[in-house]
>>> print(open('coords-v4.cif').read())   # mmCIF, C-alpha atoms
data_model
loop_
_atom_site.label_atom_id
_atom_site.label_comp_id
_atom_site.auth_asym_id
_atom_site.auth_seq_id
_atom_site.Cartn_x
_atom_site.Cartn_y
_atom_site.Cartn_z
CA MET H 1 4.55 -19.36 -23.02
CA ASP H 2 7.73 -20.24 -24.90
CA LYS H 3 10.56 -22.33 -23.45
CA ILE H 4 14.35 -22.16 -23.70
CA THR H 5 16.14 -25.25 -22.42
CA LEU H 6 19.71 -25.69 -21.20
CA GLN H 7 20.75 -29.23 -20.30
CA GLY H 8 23.78 -30.69 -18.62
CA ILE H 9 25.54 -27.52 -17.48
CA GLU H 10 28.50 -28.95 -15.57
CA PHE H 11 30.41 -27.44 -12.67
CA PHE H 12 32.64 -28.55 -9.80
CA GLY H 13 31.31 -27.46 -6.42
CA TYR H 14 31.47 -27.94 -2.67
CA HIS H 15 27.83 -28.50 -1.76
CA GLY H 16 27.01 -31.17 0.79
CA VAL H 17 26.51 -32.00 4.45
CA LEU H 18 29.62 -34.16 4.92
CA GLN H 19 32.96 -32.56 5.69
CA SER H 20 34.57 -34.53 2.86
CA GLU H 21 32.14 -32.92 0.40
CA LYS H 22 33.01 -29.48 1.72
CA GLU H 23 36.75 -30.10 1.41
CA LEU H 24 37.12 -32.29 -1.68
CA GLY H 25 34.12 -31.18 -3.73
CA GLN H 26 32.50 -33.08 -6.58
CA SER H 27 30.93 -32.70 -10.01
CA PHE H 28 27.35 -31.47 -10.46
CA SER H 29 25.20 -30.61 -13.44
CA VAL H 30 22.15 -28.42 -13.97
CA ASP H 31 19.19 -28.59 -16.37
CA CYS H 32 17.33 -25.31 -16.79
CA GLU H 33 14.02 -24.60 -18.53
CA MET H 34 13.14 -20.91 -18.92
CA TYR H 35 9.61 -19.80 -19.79
CA LEU H 36 9.11 -16.43 -21.47
CA ASP H 37 7.37 -14.70 -24.37
CA THR H 38 9.73 -14.66 -27.36
CA SER H 39 7.15 -13.43 -29.88
CA LEU H 40 8.29 -9.80 -29.70
CA CYS H 41 12.06 -10.30 -29.72
CA SER H 42 12.26 -9.12 -33.40
CA ASP H 43 15.48 -11.05 -33.89
CA ASP H 44 17.08 -8.79 -31.25
CA LEU H 45 19.15 -10.57 -28.58
CA ASN H 46 18.44 -7.76 -26.12
CA LYS H 47 14.73 -8.59 -26.24
CA THR H 48 15.13 -12.23 -25.26
CA VAL H 49 17.27 -14.23 -22.84
CA ASN H 50 20.88 -14.86 -23.76
CA TYR H 51 21.17 -18.53 -22.79
CA ALA H 52 24.97 -18.38 -22.97
CA ASP H 53 24.91 -15.73 -20.25
CA VAL H 54 22.49 -17.80 -18.19
CA ALA H 55 24.73 -20.87 -18.44
CA CYS H 56 27.74 -18.86 -17.27
CA GLU H 57 25.70 -17.32 -14.45
CA ILE H 58 24.63 -20.78 -13.25
CA VAL H 59 28.23 -22.01 -13.14
CA SER H 60 29.46 -18.84 -11.46
CA PHE H 61 26.74 -18.86 -8.79
CA CYS H 62 27.22 -22.55 -7.98
CA LYS H 63 30.99 -22.15 -7.70
CA GLU H 64 30.93 -18.97 -5.61
CA ASN H 65 28.39 -20.25 -3.06
CA ARG H 66 28.38 -23.29 -0.82
CA TYR H 67 25.31 -24.98 0.65
CA ASP H 68 24.74 -28.08 2.73
CA LEU H 69 21.53 -29.00 0.91
CA LEU H 70 20.59 -29.28 -2.75
CA GLU H 71 17.24 -27.80 -1.74
CA THR H 72 18.88 -24.54 -0.65
CA LEU H 73 21.16 -24.43 -3.68
CA ALA H 74 18.28 -24.96 -6.12
CA ASP H 75 16.02 -22.39 -4.46
CA SER H 76 18.72 -19.74 -4.24
CA LEU H 77 19.94 -20.35 -7.79
CA ALA H 78 16.43 -20.21 -9.27
CA LYS H 79 15.61 -16.93 -7.52
CA ASN H 80 18.94 -15.42 -8.55
CA ILE H 81 18.26 -16.19 -12.21
CA LEU H 82 14.69 -14.83 -12.08
CA VAL H 83 15.82 -11.57 -10.51
CA LYS H 84 18.78 -11.10 -12.86
CA TYR H 85 16.95 -12.00 -16.09
CA HIS H 86 13.68 -10.11 -15.81
CA LEU H 87 12.19 -11.47 -19.06
CA ILE H 88 11.96 -14.97 -17.56
CA ASN H 89 8.49 -15.51 -16.11
CA GLU H 90 9.04 -19.02 -14.77
CA LEU H 91 11.97 -21.34 -14.27
CA ASN H 92 12.21 -25.12 -13.96
CA LEU H 93 15.54 -26.15 -12.51
CA THR H 94 17.04 -29.61 -11.92
CA ILE H 95 20.34 -30.11 -10.10
CA HIS H 96 22.09 -33.47 -10.52
CA LYS H 97 24.54 -34.87 -7.97
CA PRO H 98 25.78 -38.10 -9.59
CA HIS H 99 28.63 -38.66 -7.13
CA ALA H 100 26.68 -38.20 -3.91
CA PRO H 101 28.11 -40.23 -0.98
CA ILE H 102 25.49 -43.00 -1.00
CA PRO H 103 26.62 -46.48 0.18
CA THR H 104 24.94 -48.36 -2.66
CA ALA H 105 24.99 -48.45 -6.45
CA PHE H 106 22.96 -45.65 -8.08
CA ASP H 107 22.91 -43.64 -11.28
CA ASP H 108 22.05 -40.16 -10.07
CA VAL H 109 20.54 -37.98 -7.36
CA SER H 110 18.62 -34.92 -8.53
CA LEU H 111 16.35 -32.22 -7.21
CA ASN H 112 13.81 -30.35 -9.32
CA VAL H 113 12.23 -27.00 -8.39
CA THR H 114 9.90 -24.62 -10.18
CA ARG H 115 9.99 -20.92 -9.36
CA GLY H 116 8.44 -17.91 -11.05
CA TRP H 117 7.02 -14.43 -10.71
CA HIS H 118 3.61 -14.21 -9.03
CA THR H 119 1.11 -11.36 -8.83
CA CYS H 120 -0.07 -10.75 -5.29
CA TYR H 121 -2.18 -8.24 -3.39
CA LEU H 122 -1.61 -7.06 0.17
CA ALA H 123 -3.93 -5.24 2.56
CA ILE H 124 -2.24 -2.86 4.98
CA GLY H 125 -3.70 -1.10 8.02
CA SER H 126 -2.67 0.87 11.09
CA ASN H 127 -4.40 2.61 13.99
CA LEU H 128 -1.55 3.23 16.43
CA GLY H 129 1.38 5.63 16.31
CA ASP H 130 2.21 7.43 13.08
CA ARG H 131 -0.27 5.53 10.93
CA GLU H 132 0.86 6.91 7.56
CA LYS H 133 4.52 6.26 8.36
CA ASN H 134 3.67 2.69 9.37
CA LEU H 135 1.91 2.05 6.07
CA ASP H 136 4.73 3.70 4.11
CA THR H 137 7.15 1.28 5.79
CA VAL H 138 5.59 -1.62 3.87
CA TRP H 139 6.42 -0.04 0.50
CA SER H 140 9.92 0.82 1.75
CA GLU H 141 10.54 -2.79 2.77
CA ILE H 142 9.24 -4.00 -0.60
CA GLU H 143 11.72 -1.73 -2.38
CA LYS H 144 14.57 -3.16 -0.29
CA ASN H 145 13.69 -6.79 -1.04
CA PRO H 146 15.24 -8.10 -4.29
CA TYR H 147 12.59 -10.81 -4.54
CA ILE H 148 9.62 -8.41 -4.54
CA LYS H 149 8.67 -5.72 -7.05
CA GLY H 150 6.18 -3.07 -6.00
CA VAL H 151 3.72 -2.57 -8.87
CA CYS H 152 1.34 0.02 -7.41
CA LYS H 153 -0.40 1.05 -4.22
CA SER H 154 -3.72 2.69 -3.40
CA ASP H 155 -4.41 5.91 -1.58
CA TYR H 156 -4.86 5.54 2.15
CA ILE H 157 -8.42 5.70 3.48
CA GLU H 158 -9.59 6.29 7.03
CA THR H 159 -12.11 3.82 8.39
CA GLU H 160 -13.86 2.99 11.62
CA PRO H 161 -12.72 -0.09 13.58
CA TYR H 162 -14.04 -3.46 12.45
CA GLY H 163 -15.14 -6.13 14.95
CA VAL H 164 -13.84 -4.39 18.10
CA GLU H 165 -15.12 -0.81 18.22
CA ASP H 166 -13.38 0.58 21.34
CA GLN H 167 -10.18 1.54 19.54
CA PRO H 168 -8.89 4.36 17.28
CA ASP H 169 -9.85 4.69 13.62
CA PHE H 170 -7.71 2.91 11.04
CA LEU H 171 -5.77 4.05 8.03
CA ASN H 172 -5.99 1.37 5.32
CA GLY H 173 -4.54 0.70 1.89
CA ALA H 174 -3.78 -1.97 -0.70
CA ILE H 175 -0.61 -2.87 -2.57
CA LYS H 176 -0.05 -4.88 -5.75
CA ILE H 177 3.27 -6.69 -6.01
CA SER H 178 5.12 -9.17 -8.18
CA THR H 179 7.28 -11.66 -6.29
CA VAL H 180 9.31 -14.84 -6.62
CA LEU H 181 8.64 -15.66 -2.97
CA THR H 182 6.46 -18.64 -2.18
CA PRO H 183 3.23 -17.98 -0.23
CA CYS H 184 4.88 -19.01 3.05
CA GLU H 185 7.92 -16.83 2.35
CA LEU H 186 5.66 -13.89 1.54
CA LEU H 187 3.78 -14.47 4.80
CA LYS H 188 7.09 -14.27 6.68
CA PHE H 189 7.92 -11.01 4.89
CA CYS H 190 4.56 -9.60 6.03
CA SER H 191 5.10 -10.73 9.63
CA ASP H 192 8.67 -9.39 9.71
CA THR H 193 7.45 -6.01 8.43
CA GLU H 194 4.78 -5.89 11.13
CA ILE H 195 7.39 -6.63 13.79
CA LEU H 196 9.63 -3.92 12.35
CA CYS H 197 6.86 -1.42 13.13
CA GLY H 198 6.46 -2.75 16.68
CA ARG H 199 3.41 -4.91 16.10
CA VAL H 200 2.26 -6.63 19.30
CA ARG H 201 -0.75 -8.92 19.09
CA THR H 202 -3.08 -8.22 22.01
CA ARG H 203 -6.68 -9.08 21.14
CA HIS H 204 -8.40 -10.44 18.04
CA TRP H 205 -9.30 -7.59 15.65
CA GLY H 206 -7.67 -5.24 18.13
CA GLU H 207 -5.47 -2.19 17.70
CA ARG H 208 -2.13 -2.52 15.95
CA THR H 209 0.74 -0.37 14.68
CA LEU H 210 0.73 -2.31 11.43
CA ASP H 211 -1.25 -5.12 9.85
CA VAL H 212 -0.08 -6.67 6.56
CA ASP H 213 -2.31 -9.38 5.10
CA ILE H 214 -1.99 -11.39 1.89
CA LEU H 215 -5.28 -10.99 0.05
CA MET H 216 -4.51 -12.98 -3.10
CA TYR H 217 -1.58 -14.88 -4.60
CA ASP H 218 -2.24 -15.28 -8.32
CA ASP H 219 -5.50 -17.21 -8.40
CA GLU H 220 -4.33 -19.84 -5.92
CA VAL H 221 -6.56 -21.21 -3.17
CA ILE H 222 -4.63 -22.19 -0.03
CA PHE H 223 -6.19 -23.41 3.20
CA THR H 224 -3.80 -24.39 5.98
CA ASP H 225 -3.51 -23.60 9.68
CA GLU H 226 -0.79 -21.05 8.93
CA LEU H 227 -2.13 -19.45 5.77
CA LYS H 228 -5.46 -18.97 4.03
CA ILE H 229 -5.59 -17.46 0.53
CA PRO H 230 -7.67 -15.69 -0.67
CA HIS H 231 -8.04 -13.92 2.67
CA PRO H 232 -11.22 -15.48 4.11
CA GLU H 233 -12.68 -12.14 5.26
CA MET H 234 -11.76 -9.90 2.34
CA HIS H 235 -15.14 -10.13 0.61
CA LYS H 236 -16.87 -8.85 3.78
CA ARG H 237 -14.68 -5.82 4.44
CA ALA H 238 -15.25 -2.50 2.75
CA PHE H 239 -12.00 -1.15 4.20
CA VAL H 240 -10.15 -3.87 2.25
CA LEU H 241 -12.20 -3.75 -0.94
CA GLN H 242 -12.28 0.05 -1.35
CA PRO H 243 -8.50 0.56 -1.70
CA LEU H 244 -8.18 -2.69 -3.66
CA ALA H 245 -10.87 -1.53 -6.09
CA GLN H 246 -8.87 1.64 -6.66
CA ILE H 247 -5.91 -0.30 -8.07
CA GLU H 248 -7.59 -3.45 -9.48
CA PRO H 249 -11.40 -3.12 -9.77
CA TYR H 250 -11.81 -6.07 -12.14
CA LEU H 251 -9.66 -8.56 -10.27
CA ILE H 252 -11.61 -11.82 -9.98
CA HIS H 253 -11.92 -13.53 -6.61
CA PRO H 254 -10.92 -17.17 -7.33
CA VAL H 255 -13.55 -18.66 -5.03
CA ARG H 256 -16.52 -16.29 -5.29
CA LYS H 257 -16.02 -15.71 -9.05
CA MET H 258 -16.86 -12.01 -8.72
CA ASN H 259 -14.62 -9.03 -9.33
CA VAL H 260 -13.56 -6.62 -6.61
CA SER H 261 -16.00 -3.93 -7.69
CA GLU H 262 -18.90 -6.37 -7.52
CA LEU H 263 -17.83 -7.58 -4.08
CA LEU H 264 -17.58 -3.99 -2.85
CA GLU H 265 -21.02 -3.17 -4.21
CA GLN H 266 -22.47 -6.10 -2.24
CA VAL H 267 -20.84 -4.91 0.99
CA LEU H 268 -22.03 -1.33 0.58
CA VAL H 269 -25.68 -2.28 -0.07
#
>>> encode(input="coords-v4.cif", output="structure tokens")
Amino acid sequence: MDKITLQGIEFFGYHGVLQSEKELGQSFSVDCEMYLDTSLCSDDLNKTVNYADVACEIVSFCKENRYDLLETLADSLAKNILVKYHLINELNLTIHKPHAPIPTAFDDVSLNVTRGWHTCYLAIGSNLGDREKNLDTVWSEIEKNPYIKGVCKSDYIETEPYGVEDQPDFLNGAIKISTVLTPCELLKFCSDTEILCGRVRTRHWGERTLDVDILMYDDEVIFTDELKIPHPEMHKRAFVLQPLAQIEPYLIHPVRKMNVSELLEQVLV
């Protein structure tokens, strides 16, 4: 991946926790590294990133918005650039605050963040209410979110309940997306969409108006109390693998080192 670098973009802003920072403001600067493929630009500015435009966008965004924390400023700025300049795959951003109100001698305070577009797969399911409408809601919410691009979705398949059998049959599907959201932010999007459809958690593996699970996030492996990626049960579930195989049969599971078609074949044996 190629890199375009902008260094020392200066602006005067009102970012800070203290009231004096909000009222008087201070000088900041930004370093920006943009990763993209420039091999096909053919000497055409429209096929690459105009770094003059990016520099002006950084200054404009930082002047028009006010945040207490550098963390929020950096995250919001990075996502804004990625969404506006679609050829940028990844962004490394450093914000410098050389005049921060620190009661000791220092040269600089800076915060560095890396953000980029990630390929993710979601499993969706419903067995209460208008099941098809519930599943369609997920795609609708994706289209409304500027930080998520819907790439494709599978057909919906009807399946028998898994784990707890005394409940209605499910309608299931899979969705491929591209997003600048972090795994935890994507998890919140999934939870919020479930709540939008009236999801109430009653019993484990029980009935639900909508279930939205993150199956994979690039080829990352995450194991925390809040989030486990790849989904720890996906390789066991035909109702997950069948729709996923329809849209991405050769996707490799990062832990089991088998593609989706191979995993599905094992389950169906």
>>> atom_distance(input="coords-v4.cif", atom1="atom CA of H:Phe170", atom2="atom CA of H:Arg208")
9.2 Å
>>> resolve_selection(input="coords-v4.cif", expression="the PyMOL selection byres ((chain H and resi 195) around 12)", output="PyMOL selection string")
chain H and resi 134+137-138+188-194+196-201+208-212
>>> residues_around(input="coords-v4.cif", residues="H:Ile4", least_positions_apart="2", cutoff="8 Å", atoms="all atoms listed in the file", output="PyMOL selection string")
chain H and resi 2+6+33-35+51
>>> write_last_selection(input="coords-v4.cif", atoms="C-alpha atoms", output="compact mmCIF listing (two decimals), in the coordinates of the input")
# COMPACT_ATOMS: atom_id res chain seq x y z
CA ASP H 2 7.73 -20.24 -24.90
CA LEU H 6 19.71 -25.69 -21.20
CA GLU H 33 14.02 -24.60 -18.53
CA MET H 34 13.14 -20.91 -18.92
CA TYR H 35 9.61 -19.80 -19.79
CA TYR H 51 21.17 -18.53 -22.79
>>> atom_distance(input="coords-v4.cif", atom1="atom CA of H:His235", atom2="atom CA of H:Ser261")
10.4 Å
>>> resolve_selection(input="coords-v4.cif", expression="the PyMOL selection byres ((chain H and resi 241-252) around 9)", output="PyMOL selection string")
chain H and resi 121-123+152-157+172-176+219+234-240+253-264+267
>>> resolve_selection(input="coords-v4.cif", expression="the PyMOL selection byres ((chain H and resi 16) around 12)", output="list in words")
Gly13, Tyr14, His15, Val17, Leu18, Gln19, Ser20, Glu21, Lys22, Glu23, Leu24, Gly25, Gln26, Ser27, Phe28, Asn65, Arg66, Tyr67, Asp68, Leu69, Leu70, Glu71, Thr72, Leu73, Lys97, His99, Ala100 and Pro101 of chain H
>>> residues_around(input="coords-v4.cif", residues="H:Ser140", least_positions_apart="4", cutoff="10 Å", atoms="only C-alpha atoms", output="NGL selection string")
:H and (135-136 or 144-145 or 150 or 193)
>>> atom_distance(input="coords-v4.cif", atom1="atom CA of H:Ile81", atom2="atom CA of H:Ile58")
7.9 Å
>>> closest_residue(input="coords-v4.cif", among="H:Ser29, H:Thr159, H:Ser178, H:Ser126", to="H:Ile9", atoms="all atoms listed in the file")
H:Ser29
>>> closest_residue(input="coords-v4.cif", among="H:Leu111, H:Leu227, H:Val164, H:Leu82", to="H:Val180", atoms="all atoms listed in the file")
H:Leu82
>>> closest_residue(input="coords-v4.cif", among="H:Cys32, H:Glu160, H:Lys149, H:Leu215", to="H:Ile124", atoms="all atoms listed in the file")
H:Leu215
>>> closest_residue(input="coords-v4.cif", among="H:Glu132, H:Glu220, H:Asp213, H:Asp225", to="H:His118", atoms="all atoms listed in the file")
H:Glu220
>>> residues_around(input="coords-v4.cif", residues="H:Lys3", least_positions_apart="5", cutoff="12 Å", atoms="all atoms listed in the file", output="ChimeraX atom specification")
/H:32-39,48-49,51,87-92
>>> closest_residue(input="coords-v4.cif", among="H:Leu45, H:Met1, H:Leu181, H:Met216", to="H:Asn80", atoms="all atoms listed in the file")
H:Leu181
>>> closest_residue(input="coords-v4.cif", among="H:Thr94, H:Ser76, H:Thr5, H:Asn127", to="H:Leu171", atoms="only C-alpha atoms")
H:Asn127
>>> build_atoms(input="coords-v4.cif", residues="stretch 77-88 of chain H", atoms="all heavy atoms", output="PDB file, keeping the file's coordinate frame")
ATOM      1  N   LEU H  77      19.534 -20.501  -6.396  1.00  0.00           N
ATOM      2  CA  LEU H  77      19.940 -20.350  -7.790  1.00  0.00           C
ATOM      3  C   LEU H  77      18.765 -19.908  -8.651  1.00  0.00           C
ATOM      4  O   LEU H  77      18.890 -18.997  -9.486  1.00  0.00           O
ATOM      5  CB  LEU H  77      20.524 -21.660  -8.309  1.00  0.00           C
ATOM      6  CG  LEU H  77      20.892 -21.714  -9.796  1.00  0.00           C
ATOM      7  CD1 LEU H  77      21.929 -20.646 -10.139  1.00  0.00           C
ATOM      8  CD2 LEU H  77      21.394 -23.105 -10.174  1.00  0.00           C
ATOM      9  N   ALA H  78      17.615 -20.543  -8.465  1.00  0.00           N
ATOM     10  CA  ALA H  78      16.430 -20.210  -9.270  1.00  0.00           C
ATOM     11  C   ALA H  78      16.025 -18.751  -9.056  1.00  0.00           C
ATOM     12  O   ALA H  78      15.741 -18.017 -10.016  1.00  0.00           O
ATOM     13  CB  ALA H  78      15.281 -21.143  -8.907  1.00  0.00           C
ATOM     14  N   LYS H  79      16.006 -18.316  -7.804  1.00  0.00           N
ATOM     15  CA  LYS H  79      15.610 -16.930  -7.520  1.00  0.00           C
ATOM     16  C   LYS H  79      16.627 -15.941  -8.088  1.00  0.00           C
ATOM     17  O   LYS H  79      16.259 -14.872  -8.599  1.00  0.00           O
ATOM     18  CB  LYS H  79      15.456 -16.735  -6.010  1.00  0.00           C
ATOM     19  CG  LYS H  79      14.213 -17.411  -5.452  1.00  0.00           C
ATOM     20  CD  LYS H  79      14.161 -17.315  -3.942  1.00  0.00           C
ATOM     21  CE  LYS H  79      12.886 -17.960  -3.406  1.00  0.00           C
ATOM     22  NZ  LYS H  79      12.886 -18.057  -1.937  1.00  0.00           N
ATOM     23  N   ASN H  80      17.899 -16.294  -8.011  1.00  0.00           N
ATOM     24  CA  ASN H  80      18.940 -15.420  -8.550  1.00  0.00           C
ATOM     25  C   ASN H  80      18.764 -15.221 -10.058  1.00  0.00           C
ATOM     26  O   ASN H  80      18.879 -14.102 -10.561  1.00  0.00           O
ATOM     27  CB  ASN H  80      20.313 -16.029  -8.262  1.00  0.00           C
ATOM     28  CG  ASN H  80      21.454 -15.227  -8.865  1.00  0.00           C
ATOM     29  OD1 ASN H  80      21.767 -14.146  -8.404  1.00  0.00           O
ATOM     30  ND2 ASN H  80      22.072 -15.773  -9.909  1.00  0.00           N
ATOM     31  N   ILE H  81      18.450 -16.292 -10.763  1.00  0.00           N
ATOM     32  CA  ILE H  81      18.260 -16.190 -12.210  1.00  0.00           C
ATOM     33  C   ILE H  81      17.025 -15.355 -12.539  1.00  0.00           C
ATOM     34  O   ILE H  81      17.048 -14.497 -13.436  1.00  0.00           O
ATOM     35  CB  ILE H  81      18.150 -17.594 -12.843  1.00  0.00           C
ATOM     36  CG1 ILE H  81      19.468 -18.354 -12.686  1.00  0.00           C
ATOM     37  CG2 ILE H  81      17.773 -17.501 -14.316  1.00  0.00           C
ATOM     38  CD1 ILE H  81      19.393 -19.809 -13.087  1.00  0.00           C
ATOM     39  N   LEU H  82      15.933 -15.569 -11.814  1.00  0.00           N
ATOM     40  CA  LEU H  82      14.690 -14.830 -12.080  1.00  0.00           C
ATOM     41  C   LEU H  82      14.873 -13.336 -11.853  1.00  0.00           C
ATOM     42  O   LEU H  82      14.338 -12.514 -12.603  1.00  0.00           O
ATOM     43  CB  LEU H  82      13.568 -15.365 -11.196  1.00  0.00           C
ATOM     44  CG  LEU H  82      12.996 -16.726 -11.591  1.00  0.00           C
ATOM     45  CD1 LEU H  82      12.157 -17.304 -10.459  1.00  0.00           C
ATOM     46  CD2 LEU H  82      12.164 -16.610 -12.869  1.00  0.00           C
ATOM     47  N   VAL H  83      15.610 -12.989 -10.816  1.00  0.00           N
ATOM     48  CA  VAL H  83      15.820 -11.570 -10.510  1.00  0.00           C
ATOM     49  C   VAL H  83      16.762 -10.930 -11.523  1.00  0.00           C
ATOM     50  O   VAL H  83      16.561  -9.790 -11.950  1.00  0.00           O
ATOM     51  CB  VAL H  83      16.375 -11.418  -9.076  1.00  0.00           C
ATOM     52  CG1 VAL H  83      16.851  -9.999  -8.824  1.00  0.00           C
ATOM     53  CG2 VAL H  83      15.317 -11.795  -8.045  1.00  0.00           C
ATOM     54  N   LYS H  84      17.778 -11.659 -11.948  1.00  0.00           N
ATOM     55  CA  LYS H  84      18.780 -11.100 -12.860  1.00  0.00           C
ATOM     56  C   LYS H  84      18.273 -11.011 -14.294  1.00  0.00           C
ATOM     57  O   LYS H  84      18.624 -10.076 -15.028  1.00  0.00           O
ATOM     58  CB  LYS H  84      20.052 -11.938 -12.807  1.00  0.00           C
ATOM     59  CG  LYS H  84      21.209 -11.340 -13.590  1.00  0.00           C
ATOM     60  CD  LYS H  84      22.547 -11.929 -13.199  1.00  0.00           C
ATOM     61  CE  LYS H  84      23.690 -11.211 -13.903  1.00  0.00           C
ATOM     62  NZ  LYS H  84      25.013 -11.681 -13.457  1.00  0.00           N
ATOM     63  N   TYR H  85      17.457 -11.970 -14.715  1.00  0.00           N
ATOM     64  CA  TYR H  85      16.950 -12.000 -16.090  1.00  0.00           C
ATOM     65  C   TYR H  85      15.443 -11.771 -16.056  1.00  0.00           C
ATOM     66  O   TYR H  85      14.648 -12.712 -15.973  1.00  0.00           O
ATOM     67  CB  TYR H  85      17.310 -13.330 -16.758  1.00  0.00           C
ATOM     68  CG  TYR H  85      18.807 -13.575 -16.793  1.00  0.00           C
ATOM     69  CD1 TYR H  85      19.440 -14.287 -15.778  1.00  0.00           C
ATOM     70  CD2 TYR H  85      19.589 -13.058 -17.822  1.00  0.00           C
ATOM     71  CE1 TYR H  85      20.817 -14.495 -15.799  1.00  0.00           C
ATOM     72  CE2 TYR H  85      20.969 -13.255 -17.851  1.00  0.00           C
ATOM     73  CZ  TYR H  85      21.572 -13.970 -16.823  1.00  0.00           C
ATOM     74  OH  TYR H  85      22.946 -14.160 -16.848  1.00  0.00           O
ATOM     75  N   HIS H  86      15.061 -10.507 -16.106  1.00  0.00           N
ATOM     76  CA  HIS H  86      13.680 -10.110 -15.810  1.00  0.00           C
ATOM     77  C   HIS H  86      12.676 -10.579 -16.858  1.00  0.00           C
ATOM     78  O   HIS H  86      11.466 -10.577 -16.601  1.00  0.00           O
ATOM     79  CB  HIS H  86      13.595  -8.591 -15.669  1.00  0.00           C
ATOM     80  CG  HIS H  86      13.897  -7.839 -16.925  1.00  0.00           C
ATOM     81  ND1 HIS H  86      15.184  -7.534 -17.325  1.00  0.00           N
ATOM     82  CD2 HIS H  86      13.071  -7.332 -17.877  1.00  0.00           C
ATOM     83  CE1 HIS H  86      15.143  -6.883 -18.468  1.00  0.00           C
ATOM     84  NE2 HIS H  86      13.889  -6.741 -18.835  1.00  0.00           N
ATOM     85  N   LEU H  87      13.131 -10.989 -18.044  1.00  0.00           N
ATOM     86  CA  LEU H  87      12.190 -11.470 -19.060  1.00  0.00           C
ATOM     87  C   LEU H  87      11.699 -12.890 -18.778  1.00  0.00           C
ATOM     88  O   LEU H  87      10.692 -13.323 -19.344  1.00  0.00           O
ATOM     89  CB  LEU H  87      12.856 -11.429 -20.441  1.00  0.00           C
ATOM     90  CG  LEU H  87      13.140 -10.045 -21.022  1.00  0.00           C
ATOM     91  CD1 LEU H  87      13.832 -10.174 -22.374  1.00  0.00           C
ATOM     92  CD2 LEU H  87      11.861  -9.230 -21.158  1.00  0.00           C
ATOM     93  N   ILE H  88      12.381 -13.609 -17.891  1.00  0.00           N
ATOM     94  CA  ILE H  88      11.960 -14.970 -17.560  1.00  0.00           C
ATOM     95  C   ILE H  88      10.796 -14.904 -16.591  1.00  0.00           C
ATOM     96  O   ILE H  88      10.896 -14.337 -15.505  1.00  0.00           O
ATOM     97  CB  ILE H  88      13.123 -15.776 -16.933  1.00  0.00           C
ATOM     98  CG1 ILE H  88      14.317 -15.845 -17.883  1.00  0.00           C
ATOM     99  CG2 ILE H  88      12.658 -17.186 -16.580  1.00  0.00           C
ATOM    100  CD1 ILE H  88      15.540 -16.522 -17.288  1.00  0.00           C
TER     101      ILE H  88
END
